[in-house]
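Structure below is query.txt: compact mmCIF, C-alpha atoms.
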# COMPACT_ATOMS: atom_id res chain seq x y z
CA MET D 1 0.00 0.00 0.00
CA GLU D 2 2.95 2.29 0.66
CA LYS D 3 3.87 1.97 -3.04
CA VAL D 4 0.35 2.95 -4.08
CA LYS D 5 0.44 5.81 -1.59
CA SER D 6 3.61 7.16 -3.14
CA GLY D 7 1.93 7.35 -6.55
CA ASN D 8 2.45 3.92 -8.10
CA ILE D 9 -1.18 3.11 -8.80
CA ASP D 10 -0.30 -0.09 -10.70
CA TYR D 11 0.31 -1.84 -7.38
CA MET D 12 -3.40 -1.43 -6.71
CA THR D 13 -3.96 -4.38 -9.05
CA GLU D 14 -1.84 -6.54 -6.75
CA ILE D 15 -3.78 -5.41 -3.68
CA PHE D 16 -7.05 -6.08 -5.48
CA ASN D 17 -5.98 -9.60 -6.52
CA ARG D 18 -4.94 -10.38 -2.98
CA TYR D 19 -7.99 -9.10 -1.11
CA ASN D 20 -10.98 -8.90 -3.48
CA ASN D 21 -12.30 -12.37 -2.67
CA GLN D 22 -12.14 -11.83 1.08
CA ILE D 23 -13.88 -8.47 0.90
CA LEU D 24 -16.52 -9.82 -1.50
CA ASN D 25 -17.29 -12.64 0.93
CA TYR D 26 -17.36 -10.23 3.89
CA PHE D 27 -20.10 -8.22 2.14
CA PHE D 28 -21.91 -11.33 0.99
CA GLN D 29 -21.89 -12.91 4.45
CA LEU D 30 -23.50 -9.76 5.83
CA SER D 31 -25.86 -8.78 3.01
CA ARG D 32 -26.58 -12.13 1.26
CA ASN D 33 -26.76 -10.29 -2.03
CA LEU D 34 -24.04 -11.22 -4.53
CA GLU D 35 -24.56 -8.43 -7.03
CA ASP D 36 -24.58 -5.70 -4.40
CA SER D 37 -21.55 -7.32 -2.74
CA GLN D 38 -19.62 -7.04 -6.02
CA ASP D 39 -20.55 -3.37 -6.36
CA LEU D 40 -19.61 -2.69 -2.75
CA THR D 41 -16.26 -4.48 -3.19
CA GLN D 42 -15.45 -2.31 -6.19
CA THR D 43 -16.37 0.79 -4.20
CA VAL D 44 -13.96 -0.28 -1.44
CA PHE D 45 -10.97 -0.60 -3.77
CA LEU D 46 -11.72 2.66 -5.56
CA ARG D 47 -12.05 4.31 -2.17
CA LEU D 48 -8.69 2.89 -1.05
CA LEU D 49 -7.18 4.45 -4.13
CA LYS D 50 -8.87 7.76 -3.51
CA TYR D 51 -7.89 8.00 0.15
CA ARG D 52 -4.52 6.28 -0.19
CA THR D 53 -2.68 9.26 1.32
CA SER D 54 -4.58 8.82 4.58
CA PHE D 55 -3.17 5.32 5.07
CA ASN D 56 -0.89 5.29 8.07
CA GLN D 57 1.95 2.75 7.93
CA SER D 58 1.82 2.23 11.69
CA GLN D 59 -1.62 0.61 11.42
CA SER D 60 -2.32 -2.81 9.96
CA PHE D 61 -3.40 -2.70 6.32
CA LYS D 62 -5.93 -5.45 6.95
CA SER D 63 -7.63 -3.45 9.72
CA TRP D 64 -7.70 -0.44 7.43
CA ILE D 65 -9.26 -2.21 4.44
CA TYR D 66 -11.92 -3.78 6.68
CA ARG D 67 -12.61 -0.42 8.32
CA VAL D 68 -13.17 1.12 4.87
CA SER D 69 -15.42 -1.85 3.99
CA LYS D 70 -17.39 -1.38 7.20
CA ASN D 71 -18.02 2.28 6.29
CA VAL D 72 -19.07 1.37 2.74
CA LEU D 73 -21.49 -1.22 4.15
CA ASN D 74 -22.95 1.30 6.62
CA ASN D 75 -23.66 3.72 3.77
CA TYR D 76 -25.32 0.90 1.83
CA TYR D 77 -27.54 -0.01 4.79
CA GLN D 78 -28.49 3.61 5.37
CA SER D 79 -29.45 4.27 1.78
CA ASN D 80 -31.43 1.03 1.59
CA LYS D 81 -33.24 1.67 4.85
CA VAL D 82 -34.40 5.12 3.81
CA LYS D 83 -36.12 4.30 0.58
CA SER D 84 -36.29 0.60 -0.21
CA ASP D 85 -39.95 0.19 0.63
CA ASN D 86 -39.99 -3.04 -1.39
CA SER D 87 -37.07 -4.57 0.46
CA GLU D 88 -39.21 -7.56 1.44
CA ILE D 89 -39.82 -8.41 -2.19
CA LEU D 90 -36.17 -7.95 -3.03
CA ASN D 91 -35.11 -10.23 -0.17
CA GLN D 92 -37.41 -12.96 -1.40
CA LEU D 93 -35.62 -13.14 -4.73
CA PRO D 94 -33.50 -16.27 -4.76
CA ASP D 95 -29.89 -15.83 -5.70
CA THR D 96 -29.70 -18.44 -8.44
CA SER D 97 -25.90 -18.58 -8.37
CA LEU D 98 -25.98 -20.13 -4.89
CA SER D 99 -26.94 -23.48 -3.58
CA ASP D 100 -26.40 -23.32 0.15
CA GLY D 101 -26.49 -26.54 2.12
CA GLU D 102 -29.24 -26.80 4.72
CA ASN D 103 -26.72 -26.16 7.50
CA ASP D 104 -25.55 -22.97 5.83
CA ILE D 105 -29.12 -21.76 5.50
CA LYS D 106 -29.85 -22.44 9.16
CA LEU D 107 -26.58 -20.85 10.24
CA TYR D 108 -27.15 -17.71 8.17
CA HIS D 109 -30.73 -17.53 9.36
CA SER D 110 -29.54 -17.64 12.99
CA ILE D 111 -26.84 -15.03 12.28
CA SER D 112 -29.45 -12.75 10.71
CA MET D 113 -31.30 -12.73 14.03
CA LEU D 114 -28.32 -11.23 15.85
CA SER D 115 -27.84 -7.48 16.38
CA GLY D 116 -25.84 -5.63 13.69
CA GLU D 117 -22.69 -5.47 15.82
CA TYR D 118 -22.77 -9.14 16.88
CA LYS D 119 -23.40 -10.18 13.28
CA GLU D 120 -20.38 -8.21 12.13
CA LEU D 121 -18.14 -9.56 14.89
CA ILE D 122 -19.05 -13.16 14.04
CA VAL D 123 -18.36 -12.60 10.35
CA LEU D 124 -15.04 -10.87 10.99
CA SER D 125 -13.67 -13.34 13.51
CA LYS D 126 -15.20 -16.64 12.42
CA PHE D 127 -15.67 -16.35 8.66
CA GLN D 128 -12.98 -13.87 7.74
CA GLY D 129 -10.47 -15.17 10.30
CA LEU D 130 -9.33 -11.75 11.52
CA LYS D 131 -7.26 -11.68 14.70
CA TYR D 132 -8.79 -10.12 17.83
CA LYS D 133 -6.17 -7.35 17.67
CA GLU D 134 -7.13 -6.52 14.06
CA ILE D 135 -10.82 -6.37 14.92
CA ALA D 136 -10.08 -4.26 18.00
CA ASP D 137 -8.16 -1.78 15.79
CA MET D 138 -11.10 -1.61 13.41
CA PHE D 139 -13.51 -0.81 16.21
CA SER D 140 -10.97 1.47 17.96
CA THR D 141 -11.16 -0.51 21.18
CA THR D 142 -9.03 -2.89 23.24
CA GLU D 143 -8.39 -6.53 22.42
CA ALA D 144 -9.86 -7.66 25.78
CA SER D 145 -13.08 -5.77 25.19
CA ILE D 146 -13.51 -7.11 21.65
CA LYS D 147 -12.82 -10.66 22.82
CA ASN D 148 -15.49 -10.33 25.45
CA LYS D 149 -17.98 -9.04 22.87
CA ILE D 150 -17.14 -11.83 20.42
CA PHE D 151 -17.75 -14.42 23.11
CA ARG D 152 -21.15 -12.87 23.90
CA ALA D 153 -22.01 -12.77 20.20
CA LEU D 154 -21.03 -16.41 19.81
CA ASP D 155 -22.99 -17.43 22.88
CA LYS D 156 -26.08 -15.64 21.59
CA LEU D 157 -25.69 -17.33 18.21
CA ARG D 158 -25.36 -20.71 19.95
CA GLU D 159 -28.61 -20.10 21.84
CA ILE D 160 -30.49 -19.13 18.66
CA TYR D 161 -29.03 -21.90 16.50
CA PHE D 162 -29.72 -24.75 18.93
CA GLU D 163 -33.05 -23.35 20.08
CA THR D 164 -34.40 -23.72 16.56
CA GLU D 165 -33.40 -27.39 16.35
CA MET J 1 -13.56 -22.30 39.08
CA ASN J 2 -17.22 -21.44 38.61
CA CYS J 3 -19.12 -21.63 35.30
CA GLU J 4 -18.72 -17.91 34.59
CA ASN J 5 -14.91 -18.13 34.80
CA ILE J 6 -14.96 -21.23 32.61
CA ASN J 7 -17.00 -19.36 29.99
CA ILE J 8 -14.25 -16.75 29.72
CA LEU J 9 -11.72 -19.48 28.95
CA MET J 10 -13.85 -21.19 26.32
CA LEU J 11 -12.97 -18.82 23.47
CA ASP J 12 -9.22 -19.40 23.90
CA TYR J 13 -9.86 -23.13 24.32
CA LEU J 14 -11.75 -23.24 21.02
CA ASP J 15 -8.98 -21.24 19.33
CA ASN J 16 -6.44 -23.67 20.76
CA ILE J 17 -4.46 -20.96 22.49
CA LEU J 18 -5.35 -21.67 26.10
CA ASN J 19 -2.34 -22.06 28.42
CA PRO J 20 -1.80 -25.56 29.94
CA ILE J 21 -2.78 -24.56 33.51
CA ASP J 22 -6.12 -23.02 32.51
CA ARG J 23 -6.70 -25.87 30.12
CA THR J 24 -6.43 -28.42 32.92
CA GLU J 25 -8.76 -26.31 35.11
CA LEU J 26 -11.31 -26.16 32.30
CA GLU J 27 -11.14 -29.86 31.52
CA ASN J 28 -11.55 -30.74 35.21
CA HIS J 29 -14.60 -28.50 35.39
CA LEU J 30 -16.11 -30.00 32.24
CA GLU J 31 -15.90 -33.48 33.70
CA HIS J 32 -18.58 -32.78 36.25
CA CYS J 33 -20.50 -29.79 34.77
CA ILE J 34 -23.07 -30.91 32.20
CA THR J 35 -24.14 -27.33 31.34
CA CYS J 36 -20.64 -26.18 30.42
CA SER J 37 -19.70 -29.37 28.62
CA SER J 38 -22.83 -29.29 26.46
CA LYS J 39 -22.22 -25.59 25.76
CA LEU J 40 -18.69 -26.37 24.61
CA LYS J 41 -19.96 -29.18 22.39
CA GLN J 42 -22.35 -26.74 20.72
CA PHE J 43 -19.56 -24.19 20.21
CA LYS J 44 -17.48 -26.91 18.55
CA ILE J 45 -20.36 -27.73 16.18
CA LEU J 46 -20.67 -24.05 15.28
CA ASN J 47 -16.92 -23.79 14.70
CA LYS J 48 -17.08 -26.68 12.27
CA LEU J 49 -19.97 -25.02 10.44
CA PHE J 50 -18.01 -21.77 10.16
CA GLN J 51 -15.13 -23.62 8.55
CA ASN J 52 -17.33 -25.48 6.08
CA THR J 53 -19.44 -22.55 4.94
CA LYS J 54 -19.46 -22.13 1.20
CA LYS J 55 -17.57 -19.11 -0.16
CA VAL J 56 -18.91 -17.15 -3.13
CA GLU J 57 -16.84 -16.47 -6.22
CA PRO J 58 -17.00 -13.22 -8.15
CA SER J 59 -18.56 -13.23 -11.62
CA HIS J 60 -16.28 -13.38 -14.69
CA PHE J 61 -16.88 -9.72 -15.40
CA PHE J 62 -16.13 -8.56 -11.89
CA LYS J 63 -12.34 -8.31 -12.21
CA ASN J 64 -12.54 -6.78 -15.67
CA ASP J 65 -15.01 -4.20 -14.42
CA PHE J 66 -12.65 -3.24 -11.63
CA PHE J 67 -9.60 -3.04 -13.88
CA ASN J 68 -11.57 -0.83 -16.28
CA SER J 69 -12.58 1.42 -13.40
CA LEU J 70 -8.95 1.48 -12.26
CA ASP J 71 -7.82 2.52 -15.74
CA ASN J 72 -10.43 5.28 -15.74
CA GLU J 73 -9.19 6.48 -12.36
CA LYS J 74 -5.60 6.51 -13.64
CA THR J 75 -6.56 8.52 -16.72
CA LYS J 76 -8.61 10.90 -14.62
CA GLU J 77 -5.77 11.40 -12.15
CA SER J 78 -3.27 12.21 -14.86
CA LYS J 79 -5.50 14.34 -17.09
CA MET J 80 -8.05 15.82 -14.76
CA GLY J 81 -6.25 16.31 -11.48
CA PHE J 82 -6.95 20.01 -11.56
CA ARG J 83 -10.57 19.62 -12.62
CA LEU J 84 -11.26 17.04 -9.93
CA ASP J 85 -9.93 19.40 -7.29
CA SER J 86 -12.01 22.27 -8.56
CA VAL J 87 -15.18 20.14 -8.61
CA LYS J 88 -14.51 19.11 -5.04
CA SER J 89 -13.95 22.72 -3.99
CA SER J 90 -17.14 23.90 -5.68
CA VAL J 91 -19.09 21.26 -3.77
CA LYS J 92 -17.37 22.32 -0.56
CA VAL J 93 -18.05 26.02 -1.19
CA ALA J 94 -21.70 25.35 -2.04
CA ALA J 95 -22.04 23.19 1.07
CA SER J 96 -20.49 25.91 3.27
CA ILE J 97 -22.81 28.57 1.85
CA LEU J 98 -25.68 26.17 2.39
CA LEU J 99 -24.78 25.78 6.05
CA PHE J 100 -24.35 29.53 6.46
CA VAL J 101 -27.69 30.44 4.85
CA SER J 102 -29.56 27.70 6.74
CA GLY J 103 -27.98 28.98 9.97
CA THR J 104 -29.01 32.54 9.16
CA ILE J 105 -32.63 31.54 8.57
CA PHE J 106 -32.67 29.57 11.79
CA GLY J 107 -31.12 32.53 13.68
CA LEU J 108 -33.68 34.95 12.29
CA ILE J 109 -36.55 32.71 13.25
CA VAL J 110 -35.18 32.08 16.75
CA GLN J 111 -34.48 35.76 17.43
CA ASN J 112 -37.81 36.82 15.91
CA GLN J 113 -36.36 40.15 14.78
CA GLY J 114 -39.39 41.20 12.80
CA ILE J 115 -37.86 40.07 9.51
CA SER J 116 -40.51 39.93 6.84
CA LYS J 117 -41.81 36.58 5.65
CA THR J 118 -40.75 37.48 2.12
CA LYS J 119 -37.09 37.77 3.15
CA ILE J 120 -37.18 34.43 4.92
CA SER J 121 -38.82 32.85 1.92
CA VAL J 122 -36.10 34.30 -0.39
CA LEU J 123 -33.44 32.79 1.88
CA GLU J 124 -35.27 29.47 1.96
CA ASN J 125 -35.31 29.42 -1.84
CA GLU J 126 -31.55 30.08 -1.77
CA VAL J 127 -31.10 26.99 0.42
CA ILE J 128 -33.15 24.86 -1.98
CA SER J 129 -31.18 26.06 -4.97
CA LEU J 130 -27.82 25.48 -3.23
CA LYS J 131 -28.87 21.98 -2.16
CA GLN J 132 -29.69 21.25 -5.77
CA GLN J 133 -26.33 22.60 -6.88
CA VAL J 134 -24.52 20.35 -4.40
CA ALA J 135 -26.58 17.35 -5.55
CA LEU J 136 -25.85 18.08 -9.20
CA GLU J 137 -22.08 18.28 -8.64
CA MET J 138 -22.13 15.02 -6.70
CA LEU J 139 -24.07 13.20 -9.40
CA LYS J 140 -21.35 13.78 -11.95
CA GLU J 141 -19.61 10.74 -13.28
CA GLN J 142 -16.28 11.08 -11.53
CA GLN J 143 -17.85 10.83 -8.07
CA THR J 144 -17.89 7.59 -6.07
CA ALA J 145 -21.03 5.49 -5.68
CA SER J 146 -21.50 6.61 -2.06
CA GLU J 147 -21.27 10.30 -3.05
CA LYS J 148 -23.85 9.72 -5.75
CA LEU J 149 -26.12 7.97 -3.24
CA GLN J 150 -25.77 10.98 -0.94
CA ALA J 151 -26.67 13.29 -3.83
CA ILE J 152 -29.73 11.18 -4.63
CA ASN J 153 -30.76 11.51 -1.00
CA TYR J 154 -30.54 15.31 -1.30
CA ALA J 155 -32.73 15.16 -4.39
CA PHE J 156 -35.22 12.87 -2.66
CA GLU J 157 -35.68 15.38 0.16
CA GLN J 158 -36.66 18.20 -2.22
CA SER J 159 -40.31 19.21 -2.57
CA GLU J 160 -39.84 19.78 -6.30
CA LEU J 161 -37.30 18.35 -8.70
CA ASN J 162 -35.28 20.75 -10.79
CA ARG J 163 -35.17 19.64 -14.46
CA GLU J 164 -31.37 19.48 -14.51
CA ILE J 165 -31.32 17.13 -11.51
CA ALA J 166 -34.10 15.02 -13.01
CA LEU J 167 -31.94 14.57 -16.11
CA ALA J 168 -28.86 13.75 -14.03
CA LEU J 169 -30.89 11.13 -12.14
CA TYR J 170 -32.22 9.72 -15.41
CA ASN J 171 -28.67 9.49 -16.70
CA SER J 172 -27.62 7.63 -13.52
CA LEU J 173 -30.62 5.31 -13.84
CA LEU J 174 -29.66 4.44 -17.43
CA SER J 175 -25.95 4.06 -17.19
CA ASP J 176 -24.46 4.11 -13.70
CA GLU J 177 -22.20 1.10 -13.17
CA ASN J 178 -23.45 0.60 -9.60
CA SER J 179 -26.84 -1.08 -9.26
CA SER J 180 -27.55 0.56 -5.87
CA VAL J 181 -27.17 3.97 -7.52
CA ARG J 182 -29.51 2.95 -10.35
CA LEU J 183 -32.08 1.61 -7.89
CA GLU J 184 -32.00 4.74 -5.72
CA ALA J 185 -32.24 6.99 -8.79
CA ALA J 186 -35.39 5.10 -9.84
CA LEU J 187 -36.93 5.45 -6.38
CA THR J 188 -36.25 9.17 -6.28
CA LEU J 189 -37.68 9.73 -9.77
CA GLN J 190 -40.74 7.74 -8.71
CA ARG J 191 -41.39 10.27 -5.94
CA PHE J 192 -41.77 12.98 -8.59
CA SER J 193 -43.56 10.88 -11.18
CA ASN J 194 -46.65 13.12 -11.13
CA ASP J 195 -44.63 15.11 -13.63
CA ASP J 196 -45.31 13.54 -17.05
CA ALA J 197 -41.72 14.04 -18.28
CA ILE J 198 -40.34 12.13 -15.27
CA LYS J 199 -42.94 9.42 -15.74
CA LYS J 200 -41.75 9.01 -19.35
CA MET J 201 -38.14 8.77 -18.16
CA LEU J 202 -39.06 5.90 -15.83
CA ILE J 203 -41.00 4.08 -18.57
CA LYS J 204 -38.15 4.50 -21.06
CA SER J 205 -35.49 3.34 -18.58
CA LEU J 206 -36.88 -0.19 -18.18
CA GLU J 207 -35.42 -1.51 -21.43
CA TYR J 208 -31.91 -0.42 -20.37
CA GLN J 209 -31.83 -2.42 -17.15
CA SER J 210 -30.09 -5.75 -16.82
CA ASP J 211 -30.08 -6.13 -13.03
CA PRO J 212 -33.12 -8.17 -11.84
CA TYR J 213 -33.47 -6.08 -8.67
CA VAL J 214 -33.71 -2.82 -10.59
CA GLN J 215 -35.99 -4.48 -13.17
CA ILE J 216 -38.38 -5.64 -10.42
CA LYS J 217 -38.52 -2.20 -8.82
CA LEU J 218 -39.20 -0.53 -12.17
CA ILE J 219 -41.91 -3.06 -13.01
CA GLN J 220 -43.54 -2.28 -9.71
CA ILE J 221 -43.34 1.47 -10.36
CA LEU J 222 -44.63 1.18 -13.93
CA SER J 223 -47.52 -1.07 -13.02
CA ASN J 224 -48.83 1.65 -10.71
CA PHE J 225 -48.92 4.25 -13.48
CA LYS J 226 -52.27 5.05 -15.02
CA GLY J 227 -52.60 4.97 -18.82
CA ASN J 228 -51.61 2.43 -21.45
CA ASP J 229 -48.07 3.60 -22.27
CA SER J 230 -46.45 1.93 -19.29
CA LYS J 231 -48.48 -1.30 -19.70
CA LYS J 232 -47.48 -1.49 -23.36
CA VAL J 233 -43.77 -1.09 -22.56
CA LEU J 234 -44.11 -3.61 -19.75
CA ARG J 235 -45.73 -6.21 -22.02
CA MET J 236 -43.00 -5.80 -24.64
CA PHE J 237 -40.32 -6.04 -21.98
CA LEU J 238 -41.78 -9.27 -20.58
CA GLU J 239 -41.75 -10.89 -24.01
CA GLN J 240 -37.94 -11.02 -24.06
CA GLU J 241 -36.72 -14.60 -24.22
CA ASN J 242 -33.65 -14.29 -22.03
CA LEU J 243 -35.39 -12.42 -19.21
CA ASN J 244 -34.78 -13.73 -15.67
CA PRO J 245 -37.75 -16.09 -14.94
CA VAL J 246 -38.34 -14.57 -11.48
CA VAL J 247 -38.60 -11.12 -13.05
CA LYS J 248 -40.88 -12.42 -15.80
CA ASP J 249 -43.15 -14.08 -13.28
CA PHE J 250 -43.26 -10.98 -11.09
CA GLY J 251 -44.05 -8.76 -14.12
CA GLN J 252 -46.87 -11.00 -15.29
CA LYS J 253 -48.41 -10.95 -11.82
CA MET J 254 -48.19 -7.16 -11.68
CA LEU J 255 -49.88 -6.85 -15.08

Go through the file and emit its structure as structure tokens.
Amino acid sequence: MEKVKSGNIDYMTEIFNRYNNQILNYFFQLSRNLEDSQDLTQTVFLRLLKYRTSFNQSQSFKSWIYRVSKNVLNNYYQSNKVKSDNSEILNQLPDTSLSDGENDIKLYHSISMLSGEYKELIVLSKFQGLKYKEIADMFSTTEASIKNKIFRALDKLREIYFETE
Amino acid sequence: MNCENINILMLDYLDNILNPIDRTELENHLEHCITCSSKLKQFKILNKLFQNTKKVEPSHFFKNDFFNSLDNEKTKESKMGFRLDSVKSSVKVAASILLFVSGTIFGLIVQNQGISKTKISVLENEVISLKQQVALEMLKEQQTASEKLQAINYAFEQSELNREIALALYNSLLSDENSSVRLEAALTLQRFSNDDAIKKMLIKSLEYQSDPYVQIKLIQILSNFKGNDSKKVLRMFLEQENLNPVVKDFGQKML
């Protein structure tokens, strides 16, 4: 990223190749909409390019890219909440490119019943495999506090998942 | 150790990073605590599910789309660096004036200084016109999707839609690369569809859409319009052979 920051935009291709799949899946795991997730992923990388000078070498690049993604997702939620009065219809549309196993469906259904923050913490730590320190940096908090929250999120998910059995 | 203390250790245990002393404590506790041992079993099942969850793959066009956008950004940066800065500054200036004028109106109302209603109404019109100017700048092509969405929000909040903004929204609805932007542009135009020209824009835009979500929203909008024009366009649109079956089914039900 330092190379991109100093003006060598071609390195952005390398960053994109390395992270695009992870970021796409982060959006998909939270929104369950593949097309929107692709658009949001593109927005993230173009935003990284645009704000490359604000990247600080002392922070982890991974925390930074996920923080940018988190902001992009918040904007998406806000704009959809304000005017998508037909969101129910849109959510009913099956995504034909997917064929989730039954377990996946049940798991995602249980995750969807969690609060926004818990949902995000589960996705970041369990699906995306981010370290507690990286998540703590993203949320500008301590590692101990984020660990505690992740445990509570996981415990809540456990209750929901096994309650519906 | 009580169950609460054991709970705190469970996360590290599941991650396999628990130190040997705590590990022994936990395992001793689990031997005679059914609640904690069944909880841990359930956590282990969830962990396995997390690992086995299917990942999605981007479409074939996804990478190409991004590399094209990257090329555009590069060209823009080299050729239009100055212009980009000036666009940004004009938005900033308009936004600052907007804040100042809104503040002045609020101050006048709060202080009740006997200012005539006409003057307040002139200032209010200034605010509307500046908001529209900000929206118009942000709808231009070199802005990011989130800036365009913000601009569309500005437009949505207006009581009337200036013709220039209506055209900028129509342009976004037809050709913006981001489907969220296209969808929001359609929803905002719908709000002003009492205006015949805007209604025509919405009707015309259907044939340009390839995203099923935008298609569904437009079908819904068009099916609420009175008159035969929209129904005719809708029927023709639904006759396409390669149309997504869910969209086709939805359209036929709406008709």

Determine, counting all atoms listed in the file, which protein, DNA and RNA residues have an atom within 12 Å of an atom of Gly129 of chain D; residues of the same chain fewer than 6 positions away are not included. Present the result as a VMD selection string.
(chain D and resid 22 25 to 26 62 121 to 123 135) or (chain J and resid 15 47 50 to 51)

Between D:Ile65, D:Ser125, D:Phe151, D:Met138, smallest distance to chain J by only C-alpha atoms belongs to D:Phe151

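Here atom CA of Ile6 of chain J is placed at a distance of 11.2 Å from atom CA of Thr24 of chain J.
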
Could you tell me how far atom CA of Asn16 of chain J lies from atom CA of Leu114 of chain D, in Å and to one decimal?
25.6 Å

To one decimal in Å, tell me the separation between atom CA of Phe139 of chain D and atom CA of Val68 of chain D.
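So the two atoms, atom CA of Phe139 of chain D and atom CA of Val68 of chain D, lie 11.5 Å apart.
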
Counting all atoms listed in the file, find residues at most 6 Å from (-13.9, -6.8, 5.3) (file frame) and give them as a list in words.
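The residues near that point, listed by chain and number, are Ile23, Tyr26, Tyr66 and Ser69 of chain D.
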
Choose the residue, out of J:Leu187, J:Ala155, J:Val134, J:Leu14, that has the smallest atom-to-atom separation from chain D; count all atoms listed in the file.
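That would be J:Leu187, the residue with the smallest distance to chain D.
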
Once you count only C-alpha atoms, which residues of chain J turn out to be within 9 Å of chain D? Could you give them as JSON, numbers by chain?
{"J": [7, 8, 10, 11, 39, 42, 43, 46, 47, 49, 50, 51, 52, 53, 54, 55, 56, 57, 58, 59, 62, 63, 65, 66, 67, 69, 70, 73, 74, 144, 145, 146, 149, 150, 153, 177, 178, 179, 180, 183, 184, 187, 188, 211, 213, 216, 217, 246]}

Rank J:Glu164, J:Asp22, J:Glu147, J:Glu207 by their smallest atom-to-atom distance to Ser230 of chain J, using only C-alpha atoms, and report the top residue only.
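Under the stated criterion, the closest residue is J:Glu207.
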
Hey, could you patch up segment 128-145 of chain D with N, CA and C atoms and hand it over as an mmCIF file, keeping the file's coordinate frame?
data_model
loop_
_atom_site.group_PDB
_atom_site.id
_atom_site.type_symbol
_atom_site.label_atom_id
_atom_site.label_comp_id
_atom_site.auth_asym_id
_atom_site.auth_seq_id
_atom_site.Cartn_x
_atom_site.Cartn_y
_atom_site.Cartn_z
ATOM 1 N N GLN D 128 -14.108 -14.531 8.392
ATOM 2 C CA GLN D 128 -12.980 -13.870 7.740
ATOM 3 C C GLN D 128 -11.643 -14.191 8.409
ATOM 4 N N GLY D 129 -11.696 -14.749 9.612
ATOM 5 C CA GLY D 129 -10.470 -15.170 10.300
ATOM 6 C C GLY D 129 -9.579 -14.032 10.758
ATOM 7 N N LEU D 130 -10.153 -12.863 11.032
ATOM 8 C CA LEU D 130 -9.330 -11.750 11.520
ATOM 9 C C LEU D 130 -8.916 -12.001 12.964
ATOM 10 N N LYS D 131 -7.729 -11.511 13.321
ATOM 11 C CA LYS D 131 -7.260 -11.680 14.700
ATOM 12 C C LYS D 131 -8.008 -10.684 15.585
ATOM 13 N N TYR D 132 -8.075 -11.021 16.900
ATOM 14 C CA TYR D 132 -8.790 -10.120 17.830
ATOM 15 C C TYR D 132 -8.186 -8.710 17.789
ATOM 16 N N LYS D 133 -6.858 -8.651 17.678
ATOM 17 C CA LYS D 133 -6.170 -7.350 17.670
ATOM 18 C C LYS D 133 -6.618 -6.532 16.443
ATOM 19 N N GLU D 134 -6.722 -7.220 15.285
ATOM 20 C CA GLU D 134 -7.130 -6.520 14.060
ATOM 21 C C GLU D 134 -8.559 -5.995 14.170
ATOM 22 N N ILE D 135 -9.427 -6.810 14.770
ATOM 23 C CA ILE D 135 -10.820 -6.370 14.920
ATOM 24 C C ILE D 135 -10.879 -5.218 15.924
ATOM 25 N N ALA D 136 -10.096 -5.325 16.994
ATOM 26 C CA ALA D 136 -10.080 -4.260 18.000
ATOM 27 C C ALA D 136 -9.634 -2.945 17.363
ATOM 28 N N ASP D 137 -8.626 -2.990 16.488
ATOM 29 C CA ASP D 137 -8.160 -1.780 15.790
ATOM 30 C C ASP D 137 -9.264 -1.182 14.935
ATOM 31 N N MET D 138 -9.995 -2.079 14.269
ATOM 32 C CA MET D 138 -11.100 -1.610 13.410
ATOM 33 C C MET D 138 -12.155 -0.872 14.191
ATOM 34 N N PHE D 139 -12.454 -1.384 15.386
ATOM 35 C CA PHE D 139 -13.510 -0.810 16.210
ATOM 36 C C PHE D 139 -12.949 0.228 17.200
ATOM 37 N N SER D 140 -11.653 0.541 17.066
ATOM 38 C CA SER D 140 -10.970 1.470 17.960
ATOM 39 C C SER D 140 -11.226 1.139 19.426
ATOM 40 N N THR D 141 -10.981 -0.105 19.782
ATOM 41 C CA THR D 141 -11.160 -0.510 21.180
ATOM 42 C C THR D 141 -10.046 -1.479 21.572
ATOM 43 N N THR D 142 -10.114 -2.003 22.791
ATOM 44 C CA THR D 142 -9.030 -2.890 23.240
ATOM 45 C C THR D 142 -9.323 -4.338 22.836
ATOM 46 N N GLU D 143 -8.258 -5.128 22.810
ATOM 47 C CA GLU D 143 -8.390 -6.530 22.420
ATOM 48 C C GLU D 143 -9.271 -7.280 23.432
ATOM 49 N N ALA D 144 -9.092 -6.962 24.742
ATOM 50 C CA ALA D 144 -9.860 -7.660 25.780
ATOM 51 C C ALA D 144 -11.351 -7.394 25.617
ATOM 52 N N SER D 145 -11.664 -6.131 25.315
ATOM 53 C CA SER D 145 -13.080 -5.770 25.190
ATOM 54 C C SER D 145 -13.708 -6.446 23.959
#
